[in-house]
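To be precise, the following lines are start_16.txt, and they hold compact mmCIF, C-alpha atoms.
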# COMPACT_ATOMS: atom_id res chain seq x y z
CA MET A 200 -40.28 11.75 7.82
CA THR A 201 -39.35 11.74 11.50
CA GLU A 202 -40.30 10.25 14.88
CA VAL A 203 -43.62 12.01 15.31
CA SER A 204 -44.28 11.07 18.95
CA SER A 205 -41.45 13.37 20.06
CA TYR A 206 -43.72 16.30 19.15
CA PHE A 207 -46.74 15.12 21.18
CA ILE A 208 -48.10 16.98 24.21
CA GLN A 209 -51.38 16.71 26.08
CA PRO A 210 -54.06 19.47 26.00
CA ASP A 211 -53.44 20.35 29.65
CA SER A 212 -49.66 20.63 29.18
CA SER A 213 -48.31 24.10 29.90
CA ILE A 214 -46.94 26.48 27.30
CA ARG A 215 -43.58 26.09 29.03
CA GLU A 216 -43.70 22.34 28.40
CA ALA A 217 -44.63 23.02 24.76
CA ILE A 218 -41.55 25.23 24.42
CA GLN A 219 -39.36 22.36 25.57
CA VAL A 220 -40.87 20.10 22.90
CA ILE A 221 -40.50 22.77 20.22
CA ASP A 222 -36.89 23.51 21.13
CA ARG A 223 -35.94 19.83 20.98
CA GLY A 224 -37.48 19.13 17.58
CA ALA A 225 -36.55 20.10 14.05
CA ALA A 226 -40.14 20.97 13.12
CA GLN A 227 -40.45 23.84 15.62
CA VAL A 228 -43.96 22.67 16.49
CA ALA A 229 -45.83 20.87 19.26
CA LEU A 230 -48.72 18.57 18.34
CA ILE A 231 -51.58 18.59 20.85
CA VAL A 232 -53.12 15.13 20.89
CA GLY A 233 -56.02 13.39 22.58
CA SER A 234 -56.69 9.71 23.12
CA GLU A 235 -55.34 7.37 20.45
CA ASN A 236 -53.11 10.22 19.19
CA LEU A 237 -56.08 12.17 17.83
CA LEU A 238 -54.86 15.51 16.41
CA LEU A 239 -56.52 18.32 18.38
CA GLY A 240 -54.31 21.22 17.33
CA VAL A 241 -50.79 22.50 16.80
CA LEU A 242 -48.70 25.07 18.60
CA THR A 243 -45.87 26.77 16.72
CA ASP A 244 -42.87 28.84 17.64
CA GLY A 245 -44.65 31.90 16.23
CA ASP A 246 -47.80 31.23 18.29
CA ILE A 247 -45.72 31.23 21.46
CA ARG A 248 -43.77 34.40 20.63
CA ARG A 249 -47.05 36.24 19.92
CA ALA A 250 -48.52 34.95 23.18
CA ILE A 251 -45.49 36.17 25.13
CA LEU A 252 -45.93 39.67 23.70
CA LYS A 253 -49.58 39.59 24.83
CA GLY A 254 -48.47 38.83 28.36
CA ILE A 255 -49.86 35.29 28.49
CA SER A 256 -48.30 33.20 31.24
CA LEU A 257 -46.08 30.29 30.25
CA GLU A 258 -47.94 28.25 32.87
CA ASP A 259 -51.22 28.54 30.92
CA SER A 260 -52.29 25.46 28.97
CA ALA A 261 -50.88 24.95 25.49
CA SER A 262 -54.39 24.25 24.20
CA SER A 263 -55.44 27.81 25.13
CA ILE A 264 -53.33 29.27 22.30
CA MET A 265 -53.13 26.34 19.85
CA THR A 266 -54.37 26.39 16.26
CA THR A 267 -57.42 24.14 16.24
CA THR A 268 -57.64 23.69 12.45
CA PRO A 269 -54.07 22.76 11.46
CA HIS A 270 -53.07 22.05 7.88
CA HIS A 271 -52.44 18.34 7.33
CA VAL A 272 -52.24 15.60 4.71
CA THR A 273 -53.72 12.11 4.77
CA TYR A 274 -51.66 8.97 5.03
CA GLY A 275 -50.17 8.04 1.67
CA ALA A 276 -49.53 11.61 0.53
CA SER A 277 -46.21 12.13 -1.26
CA LYS A 278 -43.36 14.44 -0.27
CA ASN A 279 -44.19 16.69 -3.23
CA GLU A 280 -47.81 16.97 -2.11
CA ALA A 281 -46.63 17.92 1.36
CA LEU A 282 -44.19 20.48 -0.07
CA ASP A 283 -46.92 22.01 -2.24
CA LEU A 284 -49.14 22.44 0.81
CA MET A 285 -46.28 23.96 2.82
CA ARG A 286 -45.56 26.50 0.07
CA LYS A 287 -49.23 27.35 -0.39
CA LYS A 288 -49.97 27.78 3.32
CA MET A 289 -46.48 29.08 4.26
CA VAL A 290 -45.92 26.49 6.98
CA HIS A 291 -42.86 24.42 7.84
CA HIS A 292 -44.50 21.22 8.99
CA VAL A 293 -47.46 19.08 7.93
CA PRO A 294 -48.86 16.32 10.16
CA VAL A 295 -49.88 13.10 8.43
CA VAL A 296 -53.21 11.71 9.68
CA ASP A 297 -55.49 8.78 8.96
CA LYS A 298 -59.20 9.02 8.19
CA LYS A 299 -60.03 9.42 11.88
CA MET A 300 -57.52 12.31 12.28
CA ARG A 301 -55.09 10.20 14.25
CA ILE A 302 -51.48 11.29 13.72
CA ILE A 303 -49.37 8.80 11.81
CA ASP A 304 -46.31 10.89 10.95
CA ILE A 305 -45.14 14.42 10.14
CA PHE A 306 -43.40 16.06 7.19
CA VAL A 307 -40.77 18.64 8.21
CA LEU A 308 -39.66 21.23 5.66
CA ASP A 309 -36.02 21.25 6.77
CA ASN A 310 -35.83 17.53 6.09
CA LEU A 311 -37.22 17.93 2.57
CA ILE A 312 -35.22 20.85 1.25
CA LYS A 313 -31.68 22.22 1.43
CA LYS A 314 -30.76 24.33 4.42
CA PRO A 315 -31.00 28.09 3.79
CA SER A 316 -28.01 30.29 3.03
CA PHE A 317 -28.21 33.94 4.05
CA PRO A 318 -26.34 36.76 2.26
CA ASN A 319 -27.00 39.07 5.21
CA PRO A 320 -23.83 40.43 6.87
CA VAL A 321 -23.48 39.61 10.57
CA ILE A 322 -21.95 42.27 12.82
CA LEU A 323 -20.53 40.90 16.08
CA MET A 324 -20.00 43.62 18.70
CA ALA A 325 -16.71 42.82 20.46
CA GLY A 326 -15.14 46.20 21.21
CA GLY A 327 -16.21 46.71 24.84
CA LYS A 328 -13.83 46.64 27.82
CA GLY A 329 -16.00 44.40 30.00
CA GLU A 330 -15.61 46.63 33.04
CA ARG A 331 -18.16 44.66 35.09
CA LEU A 332 -16.25 41.42 34.48
CA LYS A 333 -12.97 42.59 35.98
CA PRO A 334 -10.56 41.12 36.98
CA LEU A 335 -11.38 38.45 34.35
CA THR A 336 -11.03 41.05 31.60
CA ASN A 337 -7.87 42.78 32.81
CA LYS A 338 -5.83 40.97 30.15
CA CYS A 339 -8.55 39.38 28.02
CA PRO A 340 -11.36 41.02 25.99
CA LYS A 341 -14.76 39.92 27.26
CA PRO A 342 -15.82 38.03 24.09
CA MET A 343 -12.63 35.95 24.31
CA LEU A 344 -13.44 34.52 27.75
CA THR A 345 -13.89 30.79 27.32
CA VAL A 346 -16.99 28.72 28.04
CA ASN A 347 -16.18 25.00 28.14
CA GLY A 348 -12.86 25.66 26.40
CA LYS A 349 -14.19 27.86 23.61
CA PRO A 350 -14.26 31.70 23.40
CA ILE A 351 -17.73 33.24 23.69
CA LEU A 352 -17.24 34.93 20.32
CA GLU A 353 -16.47 31.60 18.64
CA ILE A 354 -19.64 30.08 20.10
CA ILE A 355 -21.63 32.96 18.57
CA LEU A 356 -19.80 32.69 15.26
CA GLN A 357 -20.46 28.96 14.94
CA ARG A 358 -24.11 29.46 15.87
CA CYS A 359 -24.46 31.92 12.97
CA ILE A 360 -22.55 29.66 10.55
CA LYS A 361 -24.79 26.72 11.40
CA ALA A 362 -27.83 28.88 10.62
CA GLY A 363 -26.46 29.69 7.13
CA PHE A 364 -24.53 32.98 7.47
CA SER A 365 -21.06 33.36 5.96
CA SER A 366 -20.16 37.09 5.93
CA PHE A 367 -19.00 38.58 9.23
CA TYR A 368 -17.76 41.91 10.56
CA ILE A 369 -16.34 42.03 14.09
CA SER A 370 -16.10 45.39 15.84
CA VAL A 371 -12.90 45.58 17.91
CA ASN A 372 -11.17 48.07 20.19
CA TYR A 373 -10.04 46.83 23.61
CA LEU A 374 -7.18 44.29 23.28
CA LYS A 375 -8.24 43.89 19.65
CA ASP A 376 -5.11 41.99 18.58
CA GLN A 377 -6.22 38.96 20.60
CA ILE A 378 -9.46 38.78 18.62
CA ILE A 379 -7.90 39.48 15.21
CA ASP A 380 -5.07 36.99 15.75
CA TYR A 381 -7.50 34.26 16.82
CA PHE A 382 -10.13 34.61 14.09
CA GLY A 383 -8.02 35.96 11.22
CA ASP A 384 -9.91 36.17 7.93
CA GLY A 385 -12.32 33.38 8.92
CA CYS A 386 -10.92 30.72 6.57
CA LYS A 387 -10.62 28.28 9.49
CA TRP A 388 -14.43 28.25 9.66
CA GLY A 389 -15.01 28.53 5.91
CA VAL A 390 -16.38 32.08 6.12
CA ARG A 391 -15.16 35.64 5.55
CA ILE A 392 -14.38 37.88 8.52
CA ASP A 393 -13.55 41.58 8.31
CA TYR A 394 -12.94 43.97 11.19
CA LEU A 395 -14.41 47.30 12.20
CA GLU A 396 -11.48 48.78 14.12
CA GLU A 397 -12.57 51.51 16.50
CA GLU A 398 -9.86 54.08 17.25
CA SER A 399 -11.90 54.98 20.34
CA PRO A 400 -14.99 53.26 21.80
CA LEU A 401 -18.06 53.89 19.61
CA GLY A 402 -20.76 52.32 21.77
CA THR A 403 -23.06 49.49 20.73
CA CYS A 404 -24.00 51.06 17.40
CA GLY A 405 -21.43 53.67 16.33
CA CYS A 406 -19.18 51.10 14.66
CA LEU A 407 -21.88 50.52 12.00
CA LYS A 408 -20.64 53.73 10.38
CA LEU A 409 -17.40 51.86 9.57
CA LEU A 410 -19.20 49.31 7.38
CA PRO A 411 -18.54 49.48 3.62
CA GLU A 412 -21.17 51.38 1.67
CA HIS A 413 -21.81 48.62 -0.87
CA LEU A 414 -23.77 46.42 1.59
CA ASN A 415 -27.39 46.09 0.48
CA ASP A 416 -28.89 43.33 2.63
CA ASP A 417 -30.40 43.73 6.07
CA LEU A 418 -27.90 43.31 8.89
CA LEU A 419 -27.87 40.82 11.76
CA ILE A 420 -26.27 42.44 14.82
CA TRP A 421 -25.23 40.42 17.88
CA ASN A 422 -23.68 41.72 21.10
CA GLY A 423 -20.50 39.82 21.94
CA ASP A 424 -21.57 39.04 25.52
CA ILE A 425 -24.80 37.23 24.59
CA ILE A 426 -25.07 33.46 24.13
CA THR A 427 -28.40 32.12 22.86
CA ASP A 428 -29.95 29.30 20.85
CA LEU A 429 -32.19 31.82 19.07
CA ASP A 430 -33.59 30.56 15.74
CA LEU A 431 -31.90 33.04 13.38
CA ASP A 432 -33.78 31.77 10.34
CA ARG A 433 -37.10 32.71 11.96
CA LEU A 434 -35.74 36.07 13.09
CA ILE A 435 -34.67 37.07 9.58
CA ARG A 436 -37.92 35.85 8.03
CA PHE A 437 -39.94 37.71 10.68
CA HIS A 438 -37.94 40.89 10.04
CA LYS A 439 -38.45 40.75 6.27
CA LYS A 440 -42.12 39.84 6.49
CA SER A 441 -42.90 42.64 8.96
CA LYS A 442 -41.01 45.18 6.79
CA SER A 443 -39.62 46.78 9.94
CA LYS A 444 -36.69 49.17 9.89
CA MET A 445 -35.37 47.37 12.94
CA THR A 446 -36.30 44.20 14.79
CA VAL A 447 -35.29 44.03 18.44
CA CYS A 448 -35.04 40.62 20.08
CA SER A 449 -36.54 40.60 23.57
CA ARG A 450 -36.30 38.37 26.58
CA SER A 451 -38.80 37.92 29.39
CA HIS A 452 -37.38 39.20 32.69
CA ARG A 453 -39.26 38.40 35.87
CA VAL A 454 -39.13 40.74 38.87
CA ARG A 455 -40.54 39.92 42.29
CA ILE A 456 -41.55 42.80 44.56
CA PRO A 457 -40.55 41.73 48.11
CA PHE A 458 -43.40 43.69 49.71
CA ALA A 459 -47.17 43.86 49.55
CA VAL A 460 -48.14 46.29 46.76
CA LEU A 461 -50.98 48.56 47.84
CA LYS A 462 -53.76 50.14 45.80
CA SER A 463 -55.62 53.06 47.34
CA ASN A 464 -58.78 55.01 46.67
CA GLU A 465 -57.90 58.53 47.79
CA ASP A 466 -56.89 58.06 51.45
CA TYR A 467 -58.15 54.50 51.87
CA LEU A 468 -56.74 51.12 51.03
CA SER A 469 -58.81 49.42 48.31
CA SER A 470 -56.74 46.27 47.73
CA PHE A 471 -53.26 44.82 47.90
CA VAL A 472 -51.17 42.10 46.29
CA GLU A 473 -48.69 40.21 48.45
CA LYS A 474 -45.19 40.05 46.91
CA PRO A 475 -46.35 40.12 43.28
CA MET A 476 -44.32 38.90 40.31
CA TYR A 477 -44.10 41.00 37.16
CA ASP A 478 -42.83 39.97 33.72
CA TYR A 479 -41.17 42.49 31.41
CA GLN A 480 -39.83 42.17 27.87
CA VAL A 481 -36.24 43.46 27.94
CA ASN A 482 -33.66 44.11 25.23
CA ALA A 483 -31.86 40.82 24.47
CA GLY A 484 -28.88 42.25 22.55
CA VAL A 485 -29.62 40.76 19.10
CA TYR A 486 -31.07 42.82 16.25
CA ALA A 487 -32.01 42.75 12.58
CA LEU A 488 -31.53 46.14 10.91
CA ASN A 489 -32.37 47.68 7.57
CA ARG A 490 -29.13 48.88 5.93
CA LYS A 491 -30.56 52.38 5.34
CA CYS A 492 -30.83 52.94 9.11
CA ILE A 493 -27.05 53.39 9.23
CA GLU A 494 -27.57 56.79 7.60
CA SER A 495 -28.98 57.95 10.96
CA VAL A 496 -25.87 56.80 12.88
CA PRO A 497 -23.32 59.56 13.60
CA ALA A 498 -19.58 58.98 13.26
CA SER A 499 -19.14 59.07 17.04
CA PHE A 500 -20.14 57.23 20.21
CA TYR A 501 -23.69 55.97 19.71
CA ASN A 502 -25.68 53.17 21.32
CA MET A 503 -28.31 50.91 19.80
CA THR A 504 -30.87 52.39 22.20
CA ASP A 505 -30.06 55.84 20.74
CA LEU A 506 -30.92 54.51 17.28
CA MET A 507 -34.10 52.90 18.60
CA GLU A 508 -35.16 56.22 20.12
CA GLN A 509 -34.41 58.05 16.88
CA LEU A 510 -36.47 55.59 14.82
CA ILE A 511 -39.38 55.96 17.24
CA ILE A 512 -39.22 59.75 16.88
CA GLU A 513 -39.29 59.32 13.09
CA ASN A 514 -42.33 56.99 13.40
CA GLN A 515 -40.36 54.14 11.82
CA LYS A 516 -41.56 50.58 12.42
CA ILE A 517 -39.60 48.58 15.00
CA GLY A 518 -40.52 44.92 15.39
CA VAL A 519 -40.13 42.90 18.58
CA PHE A 520 -39.09 39.23 18.40
CA PRO A 521 -39.26 37.40 21.76
CA ILE A 522 -36.57 34.84 22.56
CA HIS A 523 -37.93 31.80 24.39
CA GLU A 524 -34.87 29.67 23.65
CA ASN A 525 -31.80 29.47 25.91
CA TRP A 526 -30.35 32.96 26.47
CA LYS A 527 -27.56 34.23 28.70
CA ASP A 528 -26.15 37.73 29.21
CA ILE A 529 -22.58 37.51 30.47
CA GLY A 530 -22.36 40.76 32.40
CA ASN A 531 -20.49 40.03 35.63
CA PRO A 532 -18.27 37.29 37.11
CA THR A 533 -21.20 35.55 38.82
CA GLU A 534 -23.20 35.35 35.57
CA PHE A 535 -20.11 34.16 33.73
CA GLU A 536 -19.55 31.31 36.19
CA GLU A 537 -23.23 30.33 35.83
CA VAL A 538 -22.84 30.15 32.05
CA VAL A 539 -19.69 28.05 32.34
CA GLY A 540 -21.53 25.64 34.63
CA GLU A 541 -24.82 25.46 32.72
CA TRP A 542 -24.18 26.04 29.00
CA LYS A 543 -23.82 23.06 26.69

Take the structure in this file and express it as structure tokens.
Amino acid sequence: MTEVSSYFIQPDSSIREAIQVIDRGAAQVALIVGSENLLLGVLTDGDIRRAILKGISLEDSASSIMTTTPHHVTYGASKNEALDLMRKKMVHHVPVVDKKMRIIDIFVLDNLIKKPSFPNPVILMAGGKGERLKPLTNKCPKPMLTVNGKPILEIILQRCIKAGFSSFYISVNYLKDQIIDYFGDGCKWGVRIDYLEEESPLGTCGCLKLLPEHLNDDLLIWNGDIITDLDLDRLIRFHKKSKSKMTVCSRSHRVRIPFAVLKSNEDYLSSFVEKPMYDYQVNAGVYALNRKCIESVPASFYNMTDLMEQLIIENQKIGVFPIHENWKDIGNPTEFEEVVGEWK
């Protein structure tokens, strides 16, 4: 059991506030409560990601997208009873309520069972030259730039290890010896690391052709200039459940138009919006990929967007998994300095 009040939010709390509660807690859930901690509904990580894809604003109320009939157990229920309900309903948390539906506690799956272990190989893309980060990358490969004393690539590696992954392939080209000498075979972190050595740059996808043929599990692919607190467990489970050939992680990117946007009816102005803000889902640089997709990758320079386009042409299913957790793309010196100053 855990401190249940840390998951409480009010019905008029925003979805953005719910995200903060979800990100802080192990249960990945926000409990919407009324007076005397009356359970009104729950809001999960999955609910929020689906809402983002529908274009719902993060400033809308959490109660507008909550589940109003959440699964729960009554006070006095055992851990085994809670686990049985979680397995049956495929949920990861079960609130404990009294006879009046007031929340007393919460069972969290991760606290009741062993952490997962994933056989899926992780491919870390670290072969780029980091042209936009010069002069920082004149003598250092971009993924080896340090954030708070630790290379970006090590931060990514440890994030994956913590989630339960243990088999890694790192694509290398530019100043590759620095990466290979630092990480070695991975024994320092208790994992196995192999290298995909590119004789010439192969883009963000071409190096997949260098993977051994015996791999059977879906791949997790992570660009070496991305730092995020993405829940990898949920990503892999989403990918498998959706049966997609590829799952692309997305990130909301907000663009403000600095002018009034006009709408016209033939030659006449019908309406206008003053300096509107638009939200777009953009590629976040993390992917889950069916192993068979590598058959479509040529043994030459090839980007992940090329593979995405090919799969679309073939009418293959591509899932989209929004990232609402912390996410940073380290593309230029200004962004890098921001990450150094902000990332914990």

- [ ] Tell me, as a ChimeraX atom specification, which residues lie within 12 Å of Gln509 (chain A), counting only C-alpha atoms; anything in the same chain fewer than 3 positions away does not count.
- [x] /A:444-445,492-497,501-506,512-517

TODO: For CA of Leu323 (chain A) and CA of Thr403 (chain A), determine how far apart the two atoms are, in Å to one decimal place.
DONE: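 Computed distance, CA of Leu323 (chain A) to CA of Thr403 (chain A), equals 10.1 Å.
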
Open item on the list: What does the structure give for the distance between CA of Met324 (chain A) and CA of Glu396 (chain A), in Å to one decimal?
Closed with: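 Going from CA of Met324 (chain A) over to CA of Glu396 (chain A) covers 11.0 Å.
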
Task: Atom-to-atom span, CA of Gly245 (chain A) and CA of Ser449 (chain A), Å - done: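 Result for CA of Gly245 (chain A) versus CA of Ser449 (chain A): 14.0 Å, one decimal.
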
Task: Nearby residues (all atoms listed in the file) at most 10 Å from region 458-462 of chain A, same-chain spacing under 4 positions excluded, as a PyMOL selection string - done: chain A and resi 467-475

Can you write out as a Markdown table which residues of region 494-543 of chain A fall within 12 Å of region 332-350 of chain A, alongside each residue's closest atom pair and its distance in Å to one decimal, counting only C-alpha atoms and ordering rows by chain and ascending residue number?
| residue | atom | partner | partner_atom | distance |
| --- | --- | --- | --- | --- |
| A:Lys527 | CA | A:Val346 | CA | 11.9 |
| A:Asp528 | CA | A:Pro342 | CA | 11.5 |
| A:Ile529 | CA | A:Leu332 | CA | 8.5 |
| A:Gly530 | CA | A:Leu332 | CA | 6.5 |
| A:Asn531 | CA | A:Leu332 | CA | 4.6 |
| A:Pro532 | CA | A:Leu332 | CA | 5.3 |
| A:Thr533 | CA | A:Leu332 | CA | 8.8 |
| A:Glu534 | CA | A:Leu332 | CA | 9.3 |
| A:Phe535 | CA | A:Leu332 | CA | 8.3 |
| A:Glu536 | CA | A:Val346 | CA | 8.9 |
| A:Glu537 | CA | A:Val346 | CA | 10.1 |
| A:Val538 | CA | A:Val346 | CA | 7.2 |
| A:Val539 | CA | A:Val346 | CA | 5.1 |
| A:Gly540 | CA | A:Asn347 | CA | 8.4 |
| A:Glu541 | CA | A:Val346 | CA | 9.7 |
| A:Trp542 | CA | A:Val346 | CA | 7.7 |
| A:Lys543 | CA | A:Asn347 | CA | 8.0 |

Open item on the list: What's around Met476 (chain A) at 12 Å? Count only C-alpha atoms, leave out sequence neighbours fewer than 6 positions away in its own chain, and write the answer as a PyMOL selection string.
Closed with: chain A and resi 256+452-460

For region 516-538 of chain A, supply N, CA and C atoms and format the output as a short mmCIF file (atom, residue, chain, number, x, y, z; two decimals), in the coordinates of the input.
data_model
loop_
_atom_site.label_atom_id
_atom_site.label_comp_id
_atom_site.auth_asym_id
_atom_site.auth_seq_id
_atom_site.Cartn_x
_atom_site.Cartn_y
_atom_site.Cartn_z
N LYS A 516 -41.07 51.82 11.83
CA LYS A 516 -41.56 50.58 12.42
C LYS A 516 -40.43 49.77 13.02
N ILE A 517 -40.56 49.43 14.30
CA ILE A 517 -39.60 48.58 15.00
C ILE A 517 -40.33 47.34 15.48
N GLY A 518 -39.91 46.17 14.98
CA GLY A 518 -40.52 44.92 15.39
C GLY A 518 -39.89 44.39 16.67
N VAL A 519 -40.63 43.54 17.37
CA VAL A 519 -40.13 42.90 18.58
C VAL A 519 -40.26 41.39 18.41
N PHE A 520 -39.14 40.68 18.60
CA PHE A 520 -39.09 39.23 18.40
C PHE A 520 -38.67 38.57 19.71
N PRO A 521 -39.61 38.00 20.47
CA PRO A 521 -39.26 37.40 21.76
C PRO A 521 -38.39 36.16 21.62
N ILE A 522 -37.42 36.03 22.50
CA ILE A 522 -36.57 34.84 22.56
C ILE A 522 -37.09 33.95 23.69
N HIS A 523 -37.56 32.75 23.35
CA HIS A 523 -37.93 31.80 24.39
C HIS A 523 -36.90 30.68 24.51
N GLU A 524 -35.92 30.67 23.59
CA GLU A 524 -34.87 29.67 23.65
C GLU A 524 -33.86 30.04 24.76
N ASN A 525 -32.86 29.18 24.95
CA ASN A 525 -31.80 29.47 25.91
C ASN A 525 -31.18 30.83 25.60
N TRP A 526 -30.92 31.61 26.64
CA TRP A 526 -30.35 32.96 26.47
C TRP A 526 -29.59 33.33 27.73
N LYS A 527 -28.36 33.81 27.56
CA LYS A 527 -27.56 34.23 28.70
C LYS A 527 -26.83 35.54 28.38
N ASP A 528 -26.90 36.47 29.29
CA ASP A 528 -26.15 37.73 29.21
C ASP A 528 -24.98 37.62 30.18
N ILE A 529 -23.77 37.67 29.63
CA ILE A 529 -22.58 37.51 30.47
C ILE A 529 -22.10 38.90 30.88
N GLY A 530 -22.63 39.39 32.00
CA GLY A 530 -22.36 40.76 32.40
C GLY A 530 -21.40 40.92 33.56
N ASN A 531 -21.35 39.92 34.46
CA ASN A 531 -20.49 40.03 35.63
C ASN A 531 -19.90 38.65 35.94
N PRO A 532 -18.91 38.58 36.84
CA PRO A 532 -18.27 37.29 37.11
C PRO A 532 -19.22 36.19 37.56
N THR A 533 -20.24 36.55 38.35
CA THR A 533 -21.20 35.55 38.82
C THR A 533 -21.98 34.95 37.65
N GLU A 534 -22.47 35.82 36.75
CA GLU A 534 -23.20 35.35 35.57
C GLU A 534 -22.30 34.51 34.67
N PHE A 535 -21.04 34.92 34.55
CA PHE A 535 -20.11 34.16 33.73
C PHE A 535 -19.91 32.75 34.28
N GLU A 536 -19.74 32.63 35.59
CA GLU A 536 -19.55 31.31 36.19
C GLU A 536 -20.80 30.46 36.01
N GLU A 537 -21.98 31.07 36.05
CA GLU A 537 -23.23 30.33 35.83
C GLU A 537 -23.27 29.77 34.41
N VAL A 538 -22.85 30.59 33.45
CA VAL A 538 -22.84 30.15 32.05
C VAL A 538 -21.87 29.00 31.87
#
